[in-house]
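entry_15.pdb (PDB, C-alpha atoms) appears below.
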ATOM      1  CA  MET A   1      12.682  24.406  -3.942  1.00  0.00           C
ATOM      2  CA  THR A   2      15.209  24.628  -1.131  1.00  0.00           C
ATOM      3  CA  ALA A   3      14.484  23.648   2.438  1.00  0.00           C
ATOM      4  CA  GLU A   4      14.991  27.221   3.625  1.00  0.00           C
ATOM      5  CA  LYS A   5      12.456  28.535   1.137  1.00  0.00           C
ATOM      6  CA  GLU A   6       9.961  25.833   2.172  1.00  0.00           C
ATOM      7  CA  LYS A   7      10.363  26.841   5.830  1.00  0.00           C
ATOM      8  CA  LYS A   8       9.729  30.503   4.998  1.00  0.00           C
ATOM      9  CA  ILE A   9       6.580  29.636   3.058  1.00  0.00           C
ATOM     10  CA  ALA A  10       5.351  27.387   5.864  1.00  0.00           C
ATOM     11  CA  GLU A  11       5.987  30.132   8.425  1.00  0.00           C
ATOM     12  CA  LYS A  12       4.085  32.698   6.336  1.00  0.00           C
ATOM     13  CA  MET A  13       1.152  30.305   6.058  1.00  0.00           C
ATOM     14  CA  ARG A  14       1.161  29.677   9.827  1.00  0.00           C
ATOM     15  CA  GLU A  15       1.136  33.422  10.477  1.00  0.00           C
ATOM     16  CA  ARG A  16      -1.610  34.082   7.967  1.00  0.00           C
ATOM     17  CA  TYR A  17      -3.784  31.078   8.857  1.00  0.00           C
ATOM     18  CA  PRO A  18      -3.242  30.244  12.533  1.00  0.00           C
ATOM     19  CA  VAL A  19      -4.661  26.863  13.576  1.00  0.00           C
ATOM     20  CA  ASP A  20      -4.446  24.835  16.714  1.00  0.00           C
ATOM     21  CA  GLU A  21      -3.825  21.080  16.880  1.00  0.00           C
ATOM     22  CA  ARG A  22      -7.539  20.246  16.992  1.00  0.00           C
ATOM     23  CA  VAL A  23      -8.267  22.141  13.764  1.00  0.00           C
ATOM     24  CA  SER A  24      -5.198  20.675  12.094  1.00  0.00           C
ATOM     25  CA  GLN A  25      -6.196  17.143  13.074  1.00  0.00           C
ATOM     26  CA  THR A  26      -9.758  17.702  11.838  1.00  0.00           C
ATOM     27  CA  ASN A  27      -8.436  19.002   8.521  1.00  0.00           C
ATOM     28  CA  MET A  28      -6.183  15.956   8.180  1.00  0.00           C
ATOM     29  CA  LYS A  29      -9.098  13.607   8.849  1.00  0.00           C
ATOM     30  CA  ALA A  30     -11.215  15.437   6.271  1.00  0.00           C
ATOM     31  CA  LEU A  31      -8.434  15.196   3.684  1.00  0.00           C
ATOM     32  CA  ALA A  32      -7.974  11.497   4.451  1.00  0.00           C
ATOM     33  CA  GLY A  33     -11.711  10.950   3.999  1.00  0.00           C
ATOM     34  CA  CYS A  34     -11.603  12.754   0.658  1.00  0.00           C
ATOM     35  CA  GLY A  35      -8.662  10.589  -0.381  1.00  0.00           C
ATOM     36  CA  VAL A  36     -10.490   7.393   0.519  1.00  0.00           C
ATOM     37  CA  ALA A  37     -13.578   8.591  -1.366  1.00  0.00           C
ATOM     38  CA  ALA A  38     -11.420   9.371  -4.406  1.00  0.00           C
ATOM     39  CA  ILE A  39      -9.822   5.928  -4.325  1.00  0.00           C
ATOM     40  CA  VAL A  40     -13.207   4.176  -3.964  1.00  0.00           C
ATOM     41  CA  TYR A  41     -14.639   6.258  -6.820  1.00  0.00           C
ATOM     42  CA  ASP A  42     -11.652   5.512  -9.031  1.00  0.00           C
ATOM     43  CA  ILE A  43     -11.894   1.771  -8.367  1.00  0.00           C
ATOM     44  CA  ALA A  44     -15.648   1.851  -9.048  1.00  0.00           C
ATOM     45  CA  MET A  45     -15.056   3.640 -12.350  1.00  0.00           C
ATOM     46  CA  LEU A  46     -12.308   1.161 -13.226  1.00  0.00           C
ATOM     47  CA  VAL A  47     -14.643  -1.786 -12.607  1.00  0.00           C
ATOM     48  CA  TYR A  48     -17.521  -0.107 -14.427  1.00  0.00           C
ATOM     49  CA  LYS A  49     -15.447   0.693 -17.490  1.00  0.00           C
ATOM     50  CA  CYS A  50     -13.956  -2.795 -17.647  1.00  0.00           C
ATOM     51  CA  LEU A  51     -17.106  -4.792 -16.972  1.00  0.00           C
ATOM     52  CA  ARG A  52     -19.940  -2.667 -18.272  1.00  0.00           C
ATOM     53  CA  GLU A  53     -18.658  -0.580 -21.135  1.00  0.00           C
ATOM     54  CA  ASN A  54     -15.545  -2.479 -22.234  1.00  0.00           C
ATOM     55  CA  GLY A  55     -13.911   0.938 -22.070  1.00  0.00           C
ATOM     56  CA  ASN A  56     -10.327   2.028 -21.595  1.00  0.00           C
ATOM     57  CA  PRO A  57      -9.300   1.519 -17.941  1.00  0.00           C
ATOM     58  CA  ILE A  58      -5.844   3.077 -18.393  1.00  0.00           C
ATOM     59  CA  PRO A  59      -6.700   6.581 -17.018  1.00  0.00           C
ATOM     60  CA  GLU A  60      -8.165   5.118 -13.807  1.00  0.00           C
ATOM     61  CA  MET A  61      -5.215   2.774 -13.413  1.00  0.00           C
ATOM     62  CA  ILE A  62      -2.796   5.660 -13.883  1.00  0.00           C
ATOM     63  CA  LEU A  63      -4.682   7.702 -11.286  1.00  0.00           C
ATOM     64  CA  LEU A  64      -4.507   4.826  -8.773  1.00  0.00           C
ATOM     65  CA  ALA A  65      -0.783   4.453  -9.451  1.00  0.00           C
ATOM     66  CA  VAL A  66      -0.238   8.191  -8.939  1.00  0.00           C
ATOM     67  CA  MET A  67      -2.184   8.087  -5.659  1.00  0.00           C
ATOM     68  CA  ALA A  68      -0.114   5.135  -4.439  1.00  0.00           C
ATOM     69  CA  PHE A  69       3.087   6.904  -5.474  1.00  0.00           C
ATOM     70  CA  ILE A  70       2.127  10.090  -3.620  1.00  0.00           C
ATOM     71  CA  ILE A  71       1.228   8.172  -0.461  1.00  0.00           C
ATOM     72  CA  THR A  72       4.484   6.219  -0.595  1.00  0.00           C
ATOM     73  CA  LEU A  73       6.516   9.363  -1.254  1.00  0.00           C
ATOM     74  CA  SER A  74       4.845  11.201   1.631  1.00  0.00           C
ATOM     75  CA  LYS A  75       5.596   8.343   4.027  1.00  0.00           C
ATOM     76  CA  LYS A  76       9.177   8.163   2.833  1.00  0.00           C
ATOM     77  CA  LYS A  77       9.653  11.918   3.214  1.00  0.00           C
ATOM     78  CA  ALA A  78       8.222  11.787   6.745  1.00  0.00           C
ATOM     79  CA  LYS A  79      10.516   8.810   7.459  1.00  0.00           C
ATOM     80  CA  ILE A  80       7.624   6.587   8.500  1.00  0.00           C
ATOM     81  CA  VAL A  81       8.593   2.948   8.814  1.00  0.00           C
ATOM     82  CA  GLU A  82       5.776   0.435   9.188  1.00  0.00           C
ATOM     83  CA  LYS A  83       5.681  -3.184  10.219  1.00  0.00           C
ATOM     84  CA  PRO A  84       4.832  -5.635   7.463  1.00  0.00           C
ATOM     85  CA  GLU A  85       1.206  -6.645   7.284  1.00  0.00           C
ATOM     86  CA  ALA A  86      -0.626  -9.627   5.817  1.00  0.00           C
ATOM     87  CA  MET A  87      -4.335 -10.405   5.925  1.00  0.00           C
ATOM     88  CA  GLY A  88      -4.893  -7.268   7.982  1.00  0.00           C
ATOM     89  CA  ARG A  89      -2.544  -8.378  10.749  1.00  0.00           C
ATOM     90  CA  LEU A  90       0.782  -6.887  11.713  1.00  0.00           C
ATOM     91  CA  LEU A  91       3.516  -9.480  11.408  1.00  0.00           C
ATOM     92  CA  ASP A  92       6.273 -10.243  13.863  1.00  0.00           C
ATOM     93  CA  THR A  93       9.556  -8.943  12.485  1.00  0.00           C
ATOM     94  CA  GLY A  94      11.846 -11.268  14.391  1.00  0.00           C
ATOM     95  CA  THR A  95      14.833 -12.712  12.587  1.00  0.00           C
ATOM     96  CA  ASN A  96      14.709 -16.256  13.946  1.00  0.00           C
ATOM     97  CA  ALA A  97      13.430 -19.181  11.862  1.00  0.00           C
ATOM     98  CA  GLY A  98      10.112 -19.525  13.693  1.00  0.00           C
ATOM     99  CA  THR A  99       8.967 -15.963  13.064  1.00  0.00           C
ATOM    100  CA  ARG A 100      10.114 -16.119   9.447  1.00  0.00           C
ATOM    101  CA  ILE A 101       8.096 -19.306   8.895  1.00  0.00           C
ATOM    102  CA  LYS A 102       5.026 -17.625  10.398  1.00  0.00           C
ATOM    103  CA  ARG A 103       5.521 -14.605   8.126  1.00  0.00           C
ATOM    104  CA  TYR A 104       5.911 -16.827   5.068  1.00  0.00           C
ATOM    105  CA  GLY A 105       2.753 -18.690   6.071  1.00  0.00           C
ATOM    106  CA  MET A 106       0.843 -15.412   6.229  1.00  0.00           C
ATOM    107  CA  TYR A 107       2.278 -14.407   2.858  1.00  0.00           C
ATOM    108  CA  LEU A 108       1.105 -17.745   1.440  1.00  0.00           C
ATOM    109  CA  LEU A 109      -2.369 -17.281   2.929  1.00  0.00           C
ATOM    110  CA  GLU A 110      -2.607 -13.746   1.566  1.00  0.00           C
ATOM    111  CA  THR A 111      -1.556 -14.922  -1.897  1.00  0.00           C
ATOM    112  CA  ALA A 112      -4.093 -17.766  -1.788  1.00  0.00           C
ATOM    113  CA  MET A 113      -6.851 -15.321  -0.806  1.00  0.00           C
ATOM    114  CA  PHE A 114      -5.858 -13.007  -3.652  1.00  0.00           C
ATOM    115  CA  MET A 115      -5.910 -15.918  -6.101  1.00  0.00           C
ATOM    116  CA  GLY A 116      -9.360 -16.866  -4.790  1.00  0.00           C
ATOM    117  CA  PHE A 117     -10.581 -13.324  -5.436  1.00  0.00           C
ATOM    118  CA  ILE A 118      -9.174 -13.403  -8.960  1.00  0.00           C
ATOM    119  CA  ALA A 119     -10.816 -16.799  -9.589  1.00  0.00           C
ATOM    120  CA  LEU A 120     -14.144 -15.445  -8.344  1.00  0.00           C
ATOM    121  CA  ALA A 121     -13.853 -12.358 -10.557  1.00  0.00           C
ATOM    122  CA  ASP A 122     -12.966 -14.633 -13.485  1.00  0.00           C
ATOM    123  CA  LEU A 123     -15.990 -16.834 -12.816  1.00  0.00           C
ATOM    124  CA  VAL A 124     -18.357 -13.861 -12.441  1.00  0.00           C
ATOM    125  CA  SER A 125     -17.148 -12.320 -15.699  1.00  0.00           C
ATOM    126  CA  VAL A 126     -17.836 -15.576 -17.559  1.00  0.00           C
ATOM    127  CA  LYS A 127     -21.245 -16.145 -15.897  1.00  0.00           C
ATOM    128  CA  ALA A 128     -22.289 -12.547 -16.568  1.00  0.00           C
ATOM    129  CA  GLY A 129     -21.377 -12.975 -20.232  1.00  0.00           C
ATOM    130  CA  LEU A 130     -18.671 -10.325 -20.121  1.00  0.00           C
ATOM    131  CA  SER A 131     -16.039 -12.742 -21.395  1.00  0.00           C
ATOM    132  CA  ASP A 132     -16.234 -16.116 -23.065  1.00  0.00           C
ATOM    133  CA  ALA A 133     -15.436 -19.345 -21.279  1.00  0.00           C
ATOM    134  CA  ASP A 134     -12.426 -19.977 -23.502  1.00  0.00           C
ATOM    135  CA  SER A 135     -10.634 -16.915 -22.114  1.00  0.00           C
ATOM    136  CA  ARG A 136     -10.789 -17.984 -18.466  1.00  0.00           C
ATOM    137  CA  VAL A 137      -7.406 -17.590 -16.823  1.00  0.00           C
ATOM    138  CA  PHE A 138      -7.823 -20.415 -14.352  1.00  0.00           C
ATOM    139  CA  ASP A 139      -8.653 -23.072 -16.944  1.00  0.00           C
ATOM    140  CA  ARG A 140      -4.971 -23.200 -17.828  1.00  0.00           C
ATOM    141  CA  PRO A 141      -2.944 -24.818 -15.007  1.00  0.00           C
ATOM    142  CA  VAL A 142       0.358 -23.394 -16.230  1.00  0.00           C
ATOM    143  CA  ALA A 143      -1.044 -19.850 -16.134  1.00  0.00           C
ATOM    144  CA  LEU A 144      -2.395 -20.502 -12.653  1.00  0.00           C
ATOM    145  CA  VAL A 145       0.975 -21.684 -11.341  1.00  0.00           C
ATOM    146  CA  ILE A 146       2.883 -18.821 -12.968  1.00  0.00           C
ATOM    147  CA  PHE A 147       0.421 -16.239 -11.638  1.00  0.00           C
ATOM    148  CA  PHE A 148       0.581 -17.762  -8.139  1.00  0.00           C
ATOM    149  CA  VAL A 149       4.390 -17.754  -8.123  1.00  0.00           C
ATOM    150  CA  ILE A 150       4.549 -14.140  -9.297  1.00  0.00           C
ATOM    151  CA  CYS A 151       2.033 -13.029  -6.662  1.00  0.00           C
ATOM    152  CA  MET A 152       3.827 -14.981  -3.929  1.00  0.00           C
ATOM    153  CA  LEU A 153       7.220 -13.541  -4.903  1.00  0.00           C
ATOM    154  CA  PHE A 154       5.861 -10.009  -4.899  1.00  0.00           C
ATOM    155  CA  THR A 155       4.219 -10.524  -1.482  1.00  0.00           C
ATOM    156  CA  VAL A 156       7.315 -12.110   0.072  1.00  0.00           C
ATOM    157  CA  ILE A 157       9.766  -9.566  -1.327  1.00  0.00           C
ATOM    158  CA  SER A 158       7.698  -6.555  -0.287  1.00  0.00           C
ATOM    159  CA  GLY A 159       6.927  -8.014   3.155  1.00  0.00           C
ATOM    160  CA  GLU A 160      10.504  -9.016   3.913  1.00  0.00           C
ATOM    161  CA  ARG A 161      11.757  -5.656   2.707  1.00  0.00           C
ATOM    162  CA  LYS A 162       9.381  -3.937   5.134  1.00  0.00           C
ATOM    163  CA  ALA A 163      10.504  -6.259   7.938  1.00  0.00           C
ATOM    164  CA  LYS A 164      14.165  -5.489   7.233  1.00  0.00           C
ATOM    165  CA  LYS A 165      13.526  -1.727   7.177  1.00  0.00           C
ATOM    166  CA  TYR A 166      11.463  -1.926  10.367  1.00  0.00           C
ATOM    167  CA  ASN A 167      14.179  -3.904  12.179  1.00  0.00           C
ATOM    168  CA  ALA A 168      16.858  -1.431  11.045  1.00  0.00           C
ATOM    169  CA  TYR A 169      14.677   1.471  12.207  1.00  0.00           C
ATOM    170  CA  GLN A 170      14.119  -0.148  15.621  1.00  0.00           C
ATOM    171  CA  LYS A 171      17.847  -0.807  15.932  1.00  0.00           C
ATOM    172  CA  GLN A 172      18.569   2.844  15.138  1.00  0.00           C
ATOM    173  CA  LEU A 173      16.033   3.969  17.768  1.00  0.00           C
ATOM    174  CA  ASP A 174      17.646   1.680  20.343  1.00  0.00           C
ATOM    175  CA  GLU A 175      21.103   3.036  19.485  1.00  0.00           C
ATOM    176  CA  ASP A 176      19.848   6.625  19.768  1.00  0.00           C
ATOM    177  CA  GLU A 177      18.265   5.834  23.139  1.00  0.00           C
ATOM    178  CA  ASN A 178      21.486   4.217  24.385  1.00  0.00           C
ATOM    179  CA  ASP A 179      23.478   7.259  23.263  1.00  0.00           C
ATOM    180  CA  LEU A 180      21.281   9.469  25.438  1.00  0.00           C
ATOM    181  CA  ASP A 181      21.986   7.321  28.488  1.00  0.00           C
ATOM    182  CA  ASP A 182      25.716   8.057  28.404  1.00  0.00           C
TER     183      ASP A 182
END
As structure tokens:
Amino acid sequence: MTAEKEKKIAEKMRERYPVDERVSQTNMKALAGCGVAAIVYDIAMLVYKCLRENGNPIPEMILLAVMAFIITLSKKKAKIVEKPEAMGRLLDTGTNAGTRIKRYGMYLLETAMFMGFIALADLVSVKAGLSDADSRVFDRPVALVIFFVICMLFTVISGERKAKKYNAYQKQLDEDENDLDD
């Protein structure tokens, strides 16, 4: 669909269903709430099928992946650039060594917390009798190290990529602002 056609459709919808900003914002909040409820439900079903029924979790995992893809695509289309985040905190995106070390420390802490959660889930599944003790992931040190390295690499790469994009976006905003001053 072309951009011109999209604009015409959007204009027809605005004419047919006029809304003010308050109604639009309320609708967006309602849709966001529905999205959160859908994600929570999907995760609950994923856990239930894996732990209780030994069922096939693939449909729920696909749905979560599709939701993540749609959210990412929407942000990209709207050209939203976010600061990197770790442990619920926004990270400093400076390029000097001190800020990078702090970011890497937060990445390490986030990875350690994730590994702790996985270890707890592993322990609960064995104690609840859902899996046998021989299949525990964290009883094998090599598997633990490999899993930690993979998680840490993923966290660092995604975080540093966000930091780089955020810095480039801020630089572009500064350049645009300086161009207006001329």
- Query: Please, what distance in Å, to one decimal, runs between CA of Leu153 (chain A) and CA of Phe69 (chain A)?
  - Reply: 20.9 Å
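Atom to atom, CA of Ala65 (chain A) and CA of Ile43 (chain A) stand 11.5 Å apart.
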- Task: Please write as a PyMOL selection string the full residue list that the PyMOL selection byres ((chain A and resi 94) around 12) yields on this file.
- Result: chain A and resi 83-84+91-93+95-103+160+163-164+166-168+170
- For CA of Val156 (chain A) and CA of Glu60 (chain A), quote the distance in Å rounded to one decimal. 27.0 Å
As AutoDock Vina command-line options, please report the centre and edge lengths, rounded to one decimal in Å, of the axis-aligned box that holds all listed atoms of region 88-91 of chain A with 6 Å of padding on each of the six sides.
--center_x -0.7 --center_y -8.2 --center_z 9.8 --size_x 20.4 --size_y 14.6 --size_z 15.7
- Contacts of Ile118 (chain A) within 12 Å, all atoms listed in the file, excl. fewer than 4 positions in-chain, as a list in words: Thr111, Ala112, Met113, Phe114, Asp122, Leu123, Val124, Ser125, Arg136, Val137, Phe138, Leu144, Phe147, Phe148 and Cys151 of chain A
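Residue nearest Lys49 (chain A), chosen from A:Ala128, A:Met61, A:Ile71, A:Val23 and counting all atoms listed in the file: A:Met61.
When the PyMOL selection byres ((chain A and resi 59) around 12) is evaluated on the file shown here, the picked residues come out as A:Asp42, A:Ile43, A:Met45, A:Leu46, A:Lys49, A:Cys50, A:Gly55, A:Asn56, A:Pro57, A:Ile58, A:Glu60, A:Met61, A:Ile62, A:Leu63, A:Leu64, A:Ala65, A:Val66.
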- If you count only C-alpha atoms, the residue of A:Ala32, A:Thr72, A:Gln25, A:Met115 closest to Val145 (chain A) turns out to be A:Met115
- Message: Would you pick out the contacts of Met106 (chain A) at 9 Å or less, using all atoms listed in the file, so that residues sharing its chain but fewer than 6 positions from it are not included, and give the list as a PyMOL selection string?
- Response: chain A and resi 85-87+91
